[in-house]
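Undergrad: Contents of model-v1.pdb (PDB, C-alpha atoms, pLDDT in the B column):
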```pdb
ATOM      1  CA  MET A 192      12.192  10.877  23.330  1.00 48.00           C
ATOM      2  CA  LYS A 193       9.110  11.904  21.374  1.00 60.00           C
ATOM      3  CA  ASN A 194       8.001   9.797  18.413  1.00 67.00           C
ATOM      4  CA  LYS A 195       8.294  11.444  15.007  1.00 91.00           C
ATOM      5  CA  ALA A 196       5.019  11.037  13.129  1.00 95.00           C
ATOM      6  CA  LYS A 197       5.756  10.073   9.532  1.00 96.00           C
ATOM      7  CA  LEU A 198       3.920   9.233   6.375  1.00 97.00           C
ATOM      8  CA  ILE A 199       5.079   5.768   5.312  1.00 98.00           C
ATOM      9  CA  ILE A 200       4.422   4.631   1.750  1.00 97.00           C
ATOM     10  CA  PHE A 201       4.268   0.852   1.324  1.00 97.00           C
ATOM     11  CA  THR A 202       3.980  -0.641  -2.153  1.00 97.00           C
ATOM     12  CA  GLY A 203       4.901  -3.556  -4.371  1.00 96.00           C
ATOM     13  CA  PRO A 204       3.356  -5.672  -7.086  1.00 95.00           C
ATOM     14  CA  SER A 205      -0.012  -7.319  -6.621  1.00 89.00           C
ATOM     15  CA  GLY A 206       0.424 -10.708  -4.952  1.00 90.00           C
ATOM     16  CA  VAL A 207       3.799  -9.927  -3.352  1.00 95.00           C
ATOM     17  CA  GLY A 208       2.388 -10.368   0.163  1.00 94.00           C
ATOM     18  CA  LYS A 209       1.893  -6.791   1.334  1.00 95.00           C
ATOM     19  CA  GLY A 210      -1.246  -7.641   3.301  1.00 92.00           C
ATOM     20  CA  THR A 211       0.360 -10.640   5.005  1.00 95.00           C
ATOM     21  CA  ILE A 212       3.388  -8.585   6.049  1.00 97.00           C
ATOM     22  CA  LEU A 213       1.256  -5.733   7.353  1.00 96.00           C
ATOM     23  CA  ALA A 214      -1.086  -7.981   9.345  1.00 95.00           C
ATOM     24  CA  ASP A 215       1.885  -9.277  11.351  1.00 97.00           C
ATOM     25  CA  PHE A 216       3.597  -5.861  11.491  1.00 98.00           C
ATOM     26  CA  PHE A 217       0.589  -4.173  13.091  1.00 97.00           C
ATOM     27  CA  LYS A 218       0.374  -6.916  15.746  1.00 96.00           C
ATOM     28  CA  LYS A 219       3.974  -6.251  16.787  1.00 97.00           C
ATOM     29  CA  VAL A 220       4.378  -2.470  16.821  1.00 96.00           C
ATOM     30  CA  ASP A 221       3.227   0.288  19.146  1.00 90.00           C
ATOM     31  CA  ASN A 222      -0.006   2.166  18.639  1.00 90.00           C
ATOM     32  CA  ASN A 223       1.712   5.272  17.253  1.00 94.00           C
ATOM     33  CA  ILE A 224       0.995   4.164  13.677  1.00 96.00           C
ATOM     34  CA  VAL A 225      -2.293   3.737  11.850  1.00 95.00           C
ATOM     35  CA  TYR A 226      -3.212   2.090   8.580  1.00 94.00           C
ATOM     36  CA  SER A 227      -4.728   4.415   6.013  1.00 94.00           C
ATOM     37  CA  VAL A 228      -7.809   2.783   4.545  1.00 88.00           C
ATOM     38  CA  SER A 229      -8.050   3.656   0.842  1.00 88.00           C
ATOM     39  CA  ASN A 230     -11.157   4.133  -1.237  1.00 92.00           C
ATOM     40  CA  THR A 231     -11.628   1.816  -4.204  1.00 95.00           C
ATOM     41  CA  THR A 232     -14.169   1.051  -6.884  1.00 97.00           C
ATOM     42  CA  ARG A 233     -13.189  -2.610  -7.130  1.00 95.00           C
ATOM     43  CA  LYS A 234     -15.469  -5.281  -5.702  1.00 93.00           C
ATOM     44  CA  PRO A 235     -14.571  -6.729  -2.282  1.00 94.00           C
ATOM     45  CA  ARG A 236     -12.746 -10.063  -2.213  1.00 88.00           C
ATOM     46  CA  ASP A 237     -13.929 -12.828   0.096  1.00 89.00           C
ATOM     47  CA  GLY A 238     -13.372 -11.786   3.694  1.00 92.00           C
ATOM     48  CA  GLU A 239     -12.716  -8.108   2.983  1.00 93.00           C
ATOM     49  CA  ILE A 240     -14.662  -5.699   5.180  1.00 94.00           C
ATOM     50  CA  ASN A 241     -15.800  -2.252   4.080  1.00 94.00           C
ATOM     51  CA  GLY A 242     -14.049   0.400   6.178  1.00 88.00           C
ATOM     52  CA  MET A 243     -11.346  -1.982   7.343  1.00 86.00           C
ATOM     53  CA  HIS A 244      -9.650  -3.193   4.171  1.00 85.00           C
ATOM     54  CA  TYR A 245     -10.983  -0.495   1.844  1.00 90.00           C
ATOM     55  CA  PHE A 246     -13.903   1.849   1.565  1.00 92.00           C
ATOM     56  CA  PHE A 247     -15.731   0.250  -1.361  1.00 96.00           C
ATOM     57  CA  ILE A 248     -17.515   2.994  -3.295  1.00 96.00           C
ATOM     58  CA  SER A 249     -19.037   3.449  -6.741  1.00 97.00           C
ATOM     59  CA  LYS A 250     -17.194   4.918  -9.699  1.00 97.00           C
ATOM     60  CA  GLU A 251     -19.524   7.940  -9.548  1.00 97.00           C
ATOM     61  CA  GLU A 252     -18.785   8.550  -5.857  1.00 96.00           C
ATOM     62  CA  PHE A 253     -15.052   8.247  -6.509  1.00 97.00           C
ATOM     63  CA  GLU A 254     -15.134  10.689  -9.416  1.00 97.00           C
ATOM     64  CA  ASP A 255     -17.069  13.170  -7.248  1.00 96.00           C
ATOM     65  CA  LEU A 256     -14.302  12.995  -4.618  1.00 95.00           C
ATOM     66  CA  ILE A 257     -11.688  13.591  -7.342  1.00 96.00           C
ATOM     67  CA  GLU A 258     -13.537  16.740  -8.433  1.00 96.00           C
ATOM     68  CA  LYS A 259     -13.601  17.957  -4.824  1.00 96.00           C
ATOM     69  CA  ASP A 260      -9.794  17.368  -4.525  1.00 94.00           C
ATOM     70  CA  GLU A 261     -10.250  15.086  -1.518  1.00 94.00           C
ATOM     71  CA  PHE A 262      -7.443  12.650  -2.387  1.00 94.00           C
ATOM     72  CA  LEU A 263      -3.759  12.823  -1.545  1.00 94.00           C
ATOM     73  CA  GLU A 264      -3.390  10.506  -4.514  1.00 93.00           C
ATOM     74  CA  TRP A 265      -5.593   8.424  -6.719  1.00 90.00           C
ATOM     75  CA  ALA A 266      -4.973   6.042  -9.557  1.00 83.00           C
ATOM     76  CA  ASN A 267      -6.716   3.745 -11.970  1.00 86.00           C
ATOM     77  CA  TYR A 268      -5.171   0.290 -11.654  1.00 78.00           C
ATOM     78  CA  SER A 269      -6.373  -2.742 -13.605  1.00 79.00           C
ATOM     79  CA  GLY A 270      -9.630  -0.956 -14.428  1.00 89.00           C
ATOM     80  CA  ASN A 271     -10.469   0.189 -10.869  1.00 93.00           C
ATOM     81  CA  TYR A 272      -9.905   3.442  -8.998  1.00 93.00           C
ATOM     82  CA  TYR A 273      -7.909   3.547  -5.756  1.00 89.00           C
ATOM     83  CA  GLY A 274      -7.345   6.682  -3.646  1.00 92.00           C
ATOM     84  CA  THR A 275      -6.065   7.996  -0.308  1.00 93.00           C
ATOM     85  CA  ASN A 276      -8.125  10.482   1.690  1.00 90.00           C
ATOM     86  CA  LYS A 277      -5.959  13.589   2.246  1.00 92.00           C
ATOM     87  CA  LYS A 278      -7.801  14.800   5.355  1.00 87.00           C
ATOM     88  CA  PHE A 279      -7.437  11.450   7.166  1.00 87.00           C
ATOM     89  CA  VAL A 280      -3.653  11.393   6.613  1.00 93.00           C
ATOM     90  CA  ASP A 281      -3.093  15.011   7.636  1.00 92.00           C
ATOM     91  CA  GLU A 282      -5.220  14.748  10.786  1.00 91.00           C
ATOM     92  CA  LYS A 283      -3.476  11.590  12.005  1.00 92.00           C
ATOM     93  CA  ILE A 284       0.029  12.994  11.457  1.00 95.00           C
ATOM     94  CA  ALA A 285      -0.945  16.274  13.161  1.00 95.00           C
ATOM     95  CA  SER A 286      -2.133  14.218  16.168  1.00 95.00           C
ATOM     96  CA  GLY A 287       1.291  12.520  16.425  1.00 95.00           C
ATOM     97  CA  LYS A 288       0.453   9.234  14.708  1.00 95.00           C
ATOM     98  CA  SER A 289       2.433   7.897  11.777  1.00 97.00           C
ATOM     99  CA  VAL A 290       0.306   6.791   8.827  1.00 97.00           C
ATOM    100  CA  LEU A 291       1.096   3.789   6.655  1.00 97.00           C
ATOM    101  CA  LEU A 292      -0.278   3.910   3.114  1.00 94.00           C
ATOM    102  CA  GLU A 293      -0.460   0.577   1.314  1.00 92.00           C
ATOM    103  CA  ILE A 294      -0.912   1.789  -2.240  1.00 88.00           C
ATOM    104  CA  GLU A 295      -0.191   0.887  -5.840  1.00 85.00           C
ATOM    105  CA  LEU A 296       2.993   2.138  -7.482  1.00 91.00           C
ATOM    106  CA  GLN A 297       1.277   4.914  -9.463  1.00 83.00           C
ATOM    107  CA  GLY A 298      -0.123   6.396  -6.264  1.00 86.00           C
ATOM    108  CA  ALA A 299       3.112   5.874  -4.345  1.00 93.00           C
ATOM    109  CA  LEU A 300       5.079   7.879  -6.897  1.00 94.00           C
ATOM    110  CA  LEU A 301       2.516  10.714  -6.756  1.00 91.00           C
ATOM    111  CA  VAL A 302       2.645  10.865  -2.959  1.00 94.00           C
ATOM    112  CA  MET A 303       6.455  10.794  -3.007  1.00 96.00           C
ATOM    113  CA  LYS A 304       6.408  13.928  -5.212  1.00 94.00           C
ATOM    114  CA  LYS A 305       3.839  15.722  -3.041  1.00 91.00           C
ATOM    115  CA  ARG A 306       5.370  14.628   0.264  1.00 94.00           C
ATOM    116  CA  PRO A 307       9.144  14.277  -0.235  1.00 95.00           C
ATOM    117  CA  ASP A 308       9.581  13.741   3.528  1.00 94.00           C
ATOM    118  CA  ALA A 309       7.562  10.497   3.361  1.00 97.00           C
ATOM    119  CA  ILE A 310       9.352   7.196   3.966  1.00 98.00           C
ATOM    120  CA  SER A 311       8.962   4.955   0.910  1.00 98.00           C
ATOM    121  CA  ILE A 312       9.198   1.159   1.005  1.00 98.00           C
ATOM    122  CA  PHE A 313       8.935  -1.229  -1.949  1.00 98.00           C
ATOM    123  CA  ILE A 314       8.261  -4.954  -1.401  1.00 98.00           C
ATOM    124  CA  THR A 315       9.665  -7.358  -3.998  1.00 97.00           C
ATOM    125  CA  PRO A 316       9.106 -11.072  -4.579  1.00 96.00           C
ATOM    126  CA  PRO A 317      12.099 -13.441  -4.501  1.00 95.00           C
ATOM    127  CA  THR A 318      11.395 -14.242  -8.191  1.00 93.00           C
ATOM    128  CA  PHE A 319       8.807 -13.314 -10.793  1.00 92.00           C
ATOM    129  CA  GLU A 320       7.753 -16.982 -10.954  1.00 92.00           C
ATOM    130  CA  GLU A 321       7.022 -16.941  -7.224  1.00 91.00           C
ATOM    131  CA  LEU A 322       4.939 -13.798  -7.676  1.00 91.00           C
ATOM    132  CA  GLU A 323       2.855 -15.506 -10.371  1.00 90.00           C
ATOM    133  CA  LYS A 324       2.390 -18.553  -8.128  1.00 90.00           C
ATOM    134  CA  ARG A 325       1.164 -16.346  -5.267  1.00 86.00           C
ATOM    135  CA  LEU A 326      -1.239 -14.424  -7.506  1.00 87.00           C
ATOM    136  CA  ARG A 327      -2.733 -17.605  -8.898  1.00 87.00           C
ATOM    137  CA  GLY A 328      -2.862 -19.153  -5.436  1.00 86.00           C
ATOM    138  CA  ARG A 329      -5.238 -16.446  -4.204  1.00 83.00           C
ATOM    139  CA  HIS A 330      -8.001 -17.810  -6.488  1.00 78.00           C
ATOM    140  CA  SER A 331      -9.600 -14.366  -6.388  1.00 80.00           C
ATOM    141  CA  GLU A 332      -9.435 -13.316 -10.038  1.00 83.00           C
ATOM    142  CA  ASP A 333     -10.033 -14.608 -13.525  1.00 87.00           C
ATOM    143  CA  GLU A 334      -7.200 -15.371 -15.955  1.00 90.00           C
ATOM    144  CA  GLU A 335      -7.501 -12.033 -17.765  1.00 90.00           C
ATOM    145  CA  SER A 336      -7.131 -10.095 -14.487  1.00 88.00           C
ATOM    146  CA  ILE A 337      -4.156 -12.216 -13.435  1.00 88.00           C
ATOM    147  CA  LEU A 338      -2.400 -11.579 -16.754  1.00 90.00           C
ATOM    148  CA  LYS A 339      -3.055  -7.813 -16.435  1.00 89.00           C
ATOM    149  CA  ARG A 340      -1.593  -7.819 -12.939  1.00 88.00           C
ATOM    150  CA  LEU A 341       1.466  -9.796 -14.061  1.00 91.00           C
ATOM    151  CA  ASP A 342       2.111  -7.373 -16.927  1.00 92.00           C
ATOM    152  CA  ALA A 343       1.768  -4.432 -14.536  1.00 91.00           C
ATOM    153  CA  SER A 344       4.117  -6.142 -12.062  1.00 92.00           C
ATOM    154  CA  LYS A 345       6.907  -6.383 -14.646  1.00 93.00           C
ATOM    155  CA  GLU A 346       6.792  -2.603 -15.064  1.00 92.00           C
ATOM    156  CA  GLU A 347       6.448  -1.922 -11.330  1.00 94.00           C
ATOM    157  CA  LEU A 348       9.555  -3.932 -10.477  1.00 95.00           C
ATOM    158  CA  LYS A 349      11.614  -1.546 -12.637  1.00 96.00           C
ATOM    159  CA  ASN A 350      10.984   1.248 -10.106  1.00 97.00           C
ATOM    160  CA  THR A 351      12.614  -0.095  -6.948  1.00 97.00           C
ATOM    161  CA  ASN A 352      15.493   2.409  -7.198  1.00 97.00           C
ATOM    162  CA  LYS A 353      13.051   5.282  -6.521  1.00 97.00           C
ATOM    163  CA  PHE A 354      12.330   4.087  -2.963  1.00 98.00           C
ATOM    164  CA  ASN A 355      14.103   4.696   0.352  1.00 98.00           C
ATOM    165  CA  TYR A 356      13.932   0.992   1.206  1.00 98.00           C
ATOM    166  CA  VAL A 357      13.416  -2.289  -0.667  1.00 98.00           C
ATOM    167  CA  ILE A 358      12.356  -5.416   1.230  1.00 98.00           C
ATOM    168  CA  GLU A 359      12.355  -8.842  -0.431  1.00 97.00           C
ATOM    169  CA  ASN A 360       9.451 -10.976   0.745  1.00 97.00           C
ATOM    170  CA  ASP A 361      11.083 -14.377   0.542  1.00 96.00           C
ATOM    171  CA  VAL A 362      10.345 -15.377   4.142  1.00 96.00           C
ATOM    172  CA  VAL A 363       7.430 -13.423   5.618  1.00 96.00           C
ATOM    173  CA  GLN A 364       8.900 -13.153   9.129  1.00 97.00           C
ATOM    174  CA  LYS A 365      12.166 -11.725   7.756  1.00 98.00           C
ATOM    175  CA  ALA A 366      10.194  -9.147   5.759  1.00 98.00           C
ATOM    176  CA  VAL A 367       8.135  -8.209   8.853  1.00 98.00           C
ATOM    177  CA  ASP A 368      11.294  -7.865  10.971  1.00 98.00           C
ATOM    178  CA  LYS A 369      12.868  -5.608   8.345  1.00 98.00           C
ATOM    179  CA  LEU A 370       9.738  -3.433   8.207  1.00 98.00           C
ATOM    180  CA  ILE A 371       9.737  -3.110  12.021  1.00 97.00           C
ATOM    181  CA  GLU A 372      13.422  -2.156  11.913  1.00 97.00           C
ATOM    182  CA  ILE A 373      12.715   0.577   9.327  1.00 98.00           C
ATOM    183  CA  TYR A 374       9.695   1.857  11.280  1.00 97.00           C
ATOM    184  CA  ASN A 375      11.668   2.112  14.517  1.00 95.00           C
ATOM    185  CA  LYS A 376      14.625   3.782  12.800  1.00 96.00           C
ATOM    186  CA  GLU A 377      12.463   6.402  11.106  1.00 96.00           C
ATOM    187  CA  THR A 378       9.983   7.245  13.885  1.00 94.00           C
ATOM    188  CA  LYS A 379      11.862   6.942  17.180  1.00 89.00           C
TER     189      LYS A 379
END
```
Could you write out this structure as structure tokens?
TA:
Amino acid sequence: MKNKAKLIIFTGPSGVGKGTILADFFKKVDNNIVYSVSNTTRKPRDGEINGMHYFFISKEEFEDLIEKDEFLEWANYSGNYYGTNKKFVDEKIASGKSVLLEIELQGALLVMKKRPDAISIFITPPTFEELEKRLRGRHSEDEESILKRLDASKEELKNTNKFNYVIENDVVQKAVDKLIEIYNKETK
């Protein structure tokens, strides 16, 4: 049976563990899915590699790409731009590969409108307190940025009913297993 190439939207509040889940997910699934690397204007965190985690570009470069309509979606989140390259996504799906977009809620909702056939997945924390603990535990942002992200997270968590699937990230391995189950169900 031929695989069905799909656009998979993967979102959740900052600090919920999306990156941790995806790192394990991609080790365990076939090679018929690729990660869509987004463009961003935010500065790289320790260990992040340009072209692998994000394409880190200037605000001017990003705004030029907006004018040229090169994004499937783009958003301004916590003072930085994030966007998904339309051509990359379309080419991969046309070649038979599913594409997983790890994007912020604003962008996810835009893509869901433009591509109603996309599979949408929202990751939630077990509790808001746990989310705050995880965000602070990253030691990657100042207090003002953490508070902005926590405020944004409260609003984001009100949108889970708009998604095809909701996965609680209480135990990482359980969340990974659920994501694999969804992927196999939707693409096989």
Undergrad: Identify, on the basis of all atoms listed in the file, every residue whose closest approach to Asp368 in chain A does not exceed 12 Å; exclude the query and any residue fewer than 2 positions from it along the same chain; express the result as a VMD selection string.
TA: chain A and resid 212 to 213 215 to 220 358 to 360 362 to 366 370 to 375
Undergrad: Show me, as a short mmCIF file (atom, residue, chain, number, x, y, z; two decimals) with C-alpha atoms, keeping the file's coordinate frame, the residues that have an atom within 9 Å of Lys195 in chain A when counting all atoms listed in the file, minus same-chain residues fewer than 2 positions from it.
TA:
```
data_model
loop_
_atom_site.label_atom_id
_atom_site.label_comp_id
_atom_site.auth_asym_id
_atom_site.auth_seq_id
_atom_site.Cartn_x
_atom_site.Cartn_y
_atom_site.Cartn_z
CA LYS A 193 9.11 11.90 21.37
CA LYS A 197 5.76 10.07 9.53
CA GLY A 287 1.29 12.52 16.42
CA LYS A 288 0.45 9.23 14.71
CA SER A 289 2.43 7.90 11.78
CA GLU A 377 12.46 6.40 11.11
CA THR A 378 9.98 7.24 13.88
CA LYS A 379 11.86 6.94 17.18
#
```
Undergrad: Enumerate, as a list of chain:residue names, the residues matched when the PyMOL selection byres ((chain A and resi 321) around 12) is run on the file above.
TA: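 Matching residues under the PyMOL selection byres ((chain A and resi 321) around 12) are A:Pro204, A:Ser205, A:Gly206, A:Val207, A:Gly208, A:Thr315, A:Pro316, A:Pro317, A:Thr318, A:Phe319, A:Glu320, A:Leu322, A:Glu323, A:Lys324, A:Arg325, A:Leu326, A:Arg327, A:Gly328, A:Leu341, A:Glu359, A:Asn360, A:Asp361, A:Val362.
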Undergrad: Just C-alpha atoms for this one: save the residues we selected as a PDB file, in the frame of the given file.
TA:
```
ATOM      1  CA  PRO A 204       3.356  -5.672  -7.086  1.00 95.00           C
ATOM      2  CA  SER A 205      -0.012  -7.319  -6.621  1.00 89.00           C
ATOM      3  CA  GLY A 206       0.424 -10.708  -4.952  1.00 90.00           C
ATOM      4  CA  VAL A 207       3.799  -9.927  -3.352  1.00 95.00           C
ATOM      5  CA  GLY A 208       2.388 -10.368   0.163  1.00 94.00           C
ATOM      6  CA  THR A 315       9.665  -7.358  -3.998  1.00 97.00           C
ATOM      7  CA  PRO A 316       9.106 -11.072  -4.579  1.00 96.00           C
ATOM      8  CA  PRO A 317      12.099 -13.441  -4.501  1.00 95.00           C
ATOM      9  CA  THR A 318      11.395 -14.242  -8.191  1.00 93.00           C
ATOM     10  CA  PHE A 319       8.807 -13.314 -10.793  1.00 92.00           C
ATOM     11  CA  GLU A 320       7.753 -16.982 -10.954  1.00 92.00           C
ATOM     12  CA  LEU A 322       4.939 -13.798  -7.676  1.00 91.00           C
ATOM     13  CA  GLU A 323       2.855 -15.506 -10.371  1.00 90.00           C
ATOM     14  CA  LYS A 324       2.390 -18.553  -8.128  1.00 90.00           C
ATOM     15  CA  ARG A 325       1.164 -16.346  -5.267  1.00 86.00           C
ATOM     16  CA  LEU A 326      -1.239 -14.424  -7.506  1.00 87.00           C
ATOM     17  CA  ARG A 327      -2.733 -17.605  -8.898  1.00 87.00           C
ATOM     18  CA  GLY A 328      -2.862 -19.153  -5.436  1.00 86.00           C
ATOM     19  CA  LEU A 341       1.466  -9.796 -14.061  1.00 91.00           C
ATOM     20  CA  GLU A 359      12.355  -8.842  -0.431  1.00 97.00           C
ATOM     21  CA  ASN A 360       9.451 -10.976   0.745  1.00 97.00           C
ATOM     22  CA  ASP A 361      11.083 -14.377   0.542  1.00 96.00           C
ATOM     23  CA  VAL A 362      10.345 -15.377   4.142  1.00 96.00           C
TER      24      VAL A 362
END
```
Undergrad: Between A:Leu348, A:Glu264, A:Val367, A:Tyr245, which has the minimum distance to Lys304 in chain A (counting only C-alpha atoms)?
TA: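 Once distances to Lys304 in chain A are computed over only C-alpha atoms, the minimum belongs to A:Glu264.
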Undergrad: Determine the residue set returned by the PyMOL selection byres ((chain A and resi 232-241) around 12) for the present structure, and present it as a PyMOL selection string.
TA: chain A and resi 210+228-231+242-254+265-274+329-332
Undergrad: Output C-alpha atoms of each residue in that selection to a file, as a PDB file, keeping the file's coordinate frame.
TA:
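So the final result, stored in part.pdb, reads:
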```
ATOM      1  CA  GLY A 210      -1.246  -7.641   3.301  1.00 92.00           C
ATOM      2  CA  VAL A 228      -7.809   2.783   4.545  1.00 88.00           C
ATOM      3  CA  SER A 229      -8.050   3.656   0.842  1.00 88.00           C
ATOM      4  CA  ASN A 230     -11.157   4.133  -1.237  1.00 92.00           C
ATOM      5  CA  THR A 231     -11.628   1.816  -4.204  1.00 95.00           C
ATOM      6  CA  GLY A 242     -14.049   0.400   6.178  1.00 88.00           C
ATOM      7  CA  MET A 243     -11.346  -1.982   7.343  1.00 86.00           C
ATOM      8  CA  HIS A 244      -9.650  -3.193   4.171  1.00 85.00           C
ATOM      9  CA  TYR A 245     -10.983  -0.495   1.844  1.00 90.00           C
ATOM     10  CA  PHE A 246     -13.903   1.849   1.565  1.00 92.00           C
ATOM     11  CA  PHE A 247     -15.731   0.250  -1.361  1.00 96.00           C
ATOM     12  CA  ILE A 248     -17.515   2.994  -3.295  1.00 96.00           C
ATOM     13  CA  SER A 249     -19.037   3.449  -6.741  1.00 97.00           C
ATOM     14  CA  LYS A 250     -17.194   4.918  -9.699  1.00 97.00           C
ATOM     15  CA  GLU A 251     -19.524   7.940  -9.548  1.00 97.00           C
ATOM     16  CA  GLU A 252     -18.785   8.550  -5.857  1.00 96.00           C
ATOM     17  CA  PHE A 253     -15.052   8.247  -6.509  1.00 97.00           C
ATOM     18  CA  GLU A 254     -15.134  10.689  -9.416  1.00 97.00           C
ATOM     19  CA  TRP A 265      -5.593   8.424  -6.719  1.00 90.00           C
ATOM     20  CA  ALA A 266      -4.973   6.042  -9.557  1.00 83.00           C
ATOM     21  CA  ASN A 267      -6.716   3.745 -11.970  1.00 86.00           C
ATOM     22  CA  TYR A 268      -5.171   0.290 -11.654  1.00 78.00           C
ATOM     23  CA  SER A 269      -6.373  -2.742 -13.605  1.00 79.00           C
ATOM     24  CA  GLY A 270      -9.630  -0.956 -14.428  1.00 89.00           C
ATOM     25  CA  ASN A 271     -10.469   0.189 -10.869  1.00 93.00           C
ATOM     26  CA  TYR A 272      -9.905   3.442  -8.998  1.00 93.00           C
ATOM     27  CA  TYR A 273      -7.909   3.547  -5.756  1.00 89.00           C
ATOM     28  CA  GLY A 274      -7.345   6.682  -3.646  1.00 92.00           C
ATOM     29  CA  ARG A 329      -5.238 -16.446  -4.204  1.00 83.00           C
ATOM     30  CA  HIS A 330      -8.001 -17.810  -6.488  1.00 78.00           C
ATOM     31  CA  SER A 331      -9.600 -14.366  -6.388  1.00 80.00           C
ATOM     32  CA  GLU A 332      -9.435 -13.316 -10.038  1.00 83.00           C
TER      33      GLU A 332
END
```
Undergrad: Would you mind completing range 324-345 of chain A to N, CA and C atoms and writing the output as an mmCIF file, in the coordinates of the input?
TA:
```cif
data_model
loop_
_atom_site.group_PDB
_atom_site.id
_atom_site.type_symbol
_atom_site.label_atom_id
_atom_site.label_comp_id
_atom_site.auth_asym_id
_atom_site.auth_seq_id
_atom_site.Cartn_x
_atom_site.Cartn_y
_atom_site.Cartn_z
ATOM 1 N N LYS A 324 2.948 -17.457 -8.938
ATOM 2 C CA LYS A 324 2.390 -18.553 -8.128
ATOM 3 C C LYS A 324 1.498 -18.007 -7.008
ATOM 4 N N ARG A 325 1.948 -16.949 -6.354
ATOM 5 C CA ARG A 325 1.164 -16.346 -5.267
ATOM 6 C C ARG A 325 -0.132 -15.740 -5.795
ATOM 7 N N LEU A 326 -0.042 -15.034 -6.916
ATOM 8 C CA LEU A 326 -1.239 -14.424 -7.506
ATOM 9 C C LEU A 326 -2.276 -15.479 -7.866
ATOM 10 N N ARG A 327 -1.818 -16.533 -8.504
ATOM 11 C CA ARG A 327 -2.733 -17.605 -8.898
ATOM 12 C C ARG A 327 -3.279 -18.345 -7.685
ATOM 13 N N GLY A 328 -2.464 -18.442 -6.646
ATOM 14 C CA GLY A 328 -2.862 -19.153 -5.436
ATOM 15 C C GLY A 328 -3.956 -18.464 -4.646
ATOM 16 N N ARG A 329 -4.174 -17.171 -4.911
ATOM 17 C CA ARG A 329 -5.238 -16.446 -4.204
ATOM 18 C C ARG A 329 -6.622 -16.889 -4.666
ATOM 19 N N HIS A 330 -6.722 -17.384 -5.902
ATOM 20 C CA HIS A 330 -8.001 -17.810 -6.488
ATOM 21 C C HIS A 330 -9.072 -16.729 -6.383
ATOM 22 N N SER A 331 -8.651 -15.464 -6.555
ATOM 23 C CA SER A 331 -9.600 -14.366 -6.388
ATOM 24 C C SER A 331 -9.913 -13.644 -7.693
ATOM 25 N N GLU A 332 -9.241 -14.037 -8.783
ATOM 26 C CA GLU A 332 -9.435 -13.316 -10.038
ATOM 27 C C GLU A 332 -9.430 -14.272 -11.219
ATOM 28 N N ASP A 333 -10.029 -13.799 -12.309
ATOM 29 C CA ASP A 333 -10.033 -14.608 -13.525
ATOM 30 C C ASP A 333 -8.682 -14.482 -14.238
ATOM 31 N N GLU A 334 -8.481 -15.309 -15.246
ATOM 32 C CA GLU A 334 -7.200 -15.371 -15.955
ATOM 33 C C GLU A 334 -6.820 -14.024 -16.570
ATOM 34 N N GLU A 335 -7.784 -13.336 -17.144
ATOM 35 C CA GLU A 335 -7.501 -12.033 -17.765
ATOM 36 C C GLU A 335 -6.970 -11.037 -16.727
ATOM 37 N N SER A 336 -7.578 -11.001 -15.560
ATOM 38 C CA SER A 336 -7.131 -10.095 -14.487
ATOM 39 C C SER A 336 -5.742 -10.468 -13.998
ATOM 40 N N ILE A 337 -5.481 -11.761 -13.870
ATOM 41 C CA ILE A 337 -4.156 -12.216 -13.435
ATOM 42 C C ILE A 337 -3.096 -11.781 -14.441
ATOM 43 N N LEU A 338 -3.370 -11.966 -15.719
ATOM 44 C CA LEU A 338 -2.400 -11.579 -16.754
ATOM 45 C C LEU A 338 -2.155 -10.069 -16.754
ATOM 46 N N LYS A 339 -3.210 -9.274 -16.537
ATOM 47 C CA LYS A 339 -3.055 -7.813 -16.435
ATOM 48 C C LYS A 339 -2.153 -7.458 -15.259
ATOM 49 N N ARG A 340 -2.397 -8.107 -14.136
ATOM 50 C CA ARG A 340 -1.593 -7.819 -12.939
ATOM 51 C C ARG A 340 -0.133 -8.234 -13.142
ATOM 52 N N LEU A 341 0.090 -9.354 -13.812
ATOM 53 C CA LEU A 341 1.466 -9.796 -14.061
ATOM 54 C C LEU A 341 2.189 -8.828 -14.993
ATOM 55 N N ASP A 342 1.505 -8.358 -16.023
ATOM 56 C CA ASP A 342 2.111 -7.373 -16.927
ATOM 57 C C ASP A 342 2.462 -6.099 -16.165
ATOM 58 N N ALA A 343 1.526 -5.640 -15.331
ATOM 59 C CA ALA A 343 1.768 -4.432 -14.536
ATOM 60 C C ALA A 343 2.943 -4.648 -13.585
ATOM 61 N N SER A 344 3.047 -5.840 -13.017
ATOM 62 C CA SER A 344 4.117 -6.142 -12.062
ATOM 63 C C SER A 344 5.491 -6.039 -12.702
ATOM 64 N N LYS A 345 5.616 -6.477 -13.947
ATOM 65 C CA LYS A 345 6.907 -6.383 -14.646
ATOM 66 C C LYS A 345 7.377 -4.933 -14.710
#
```
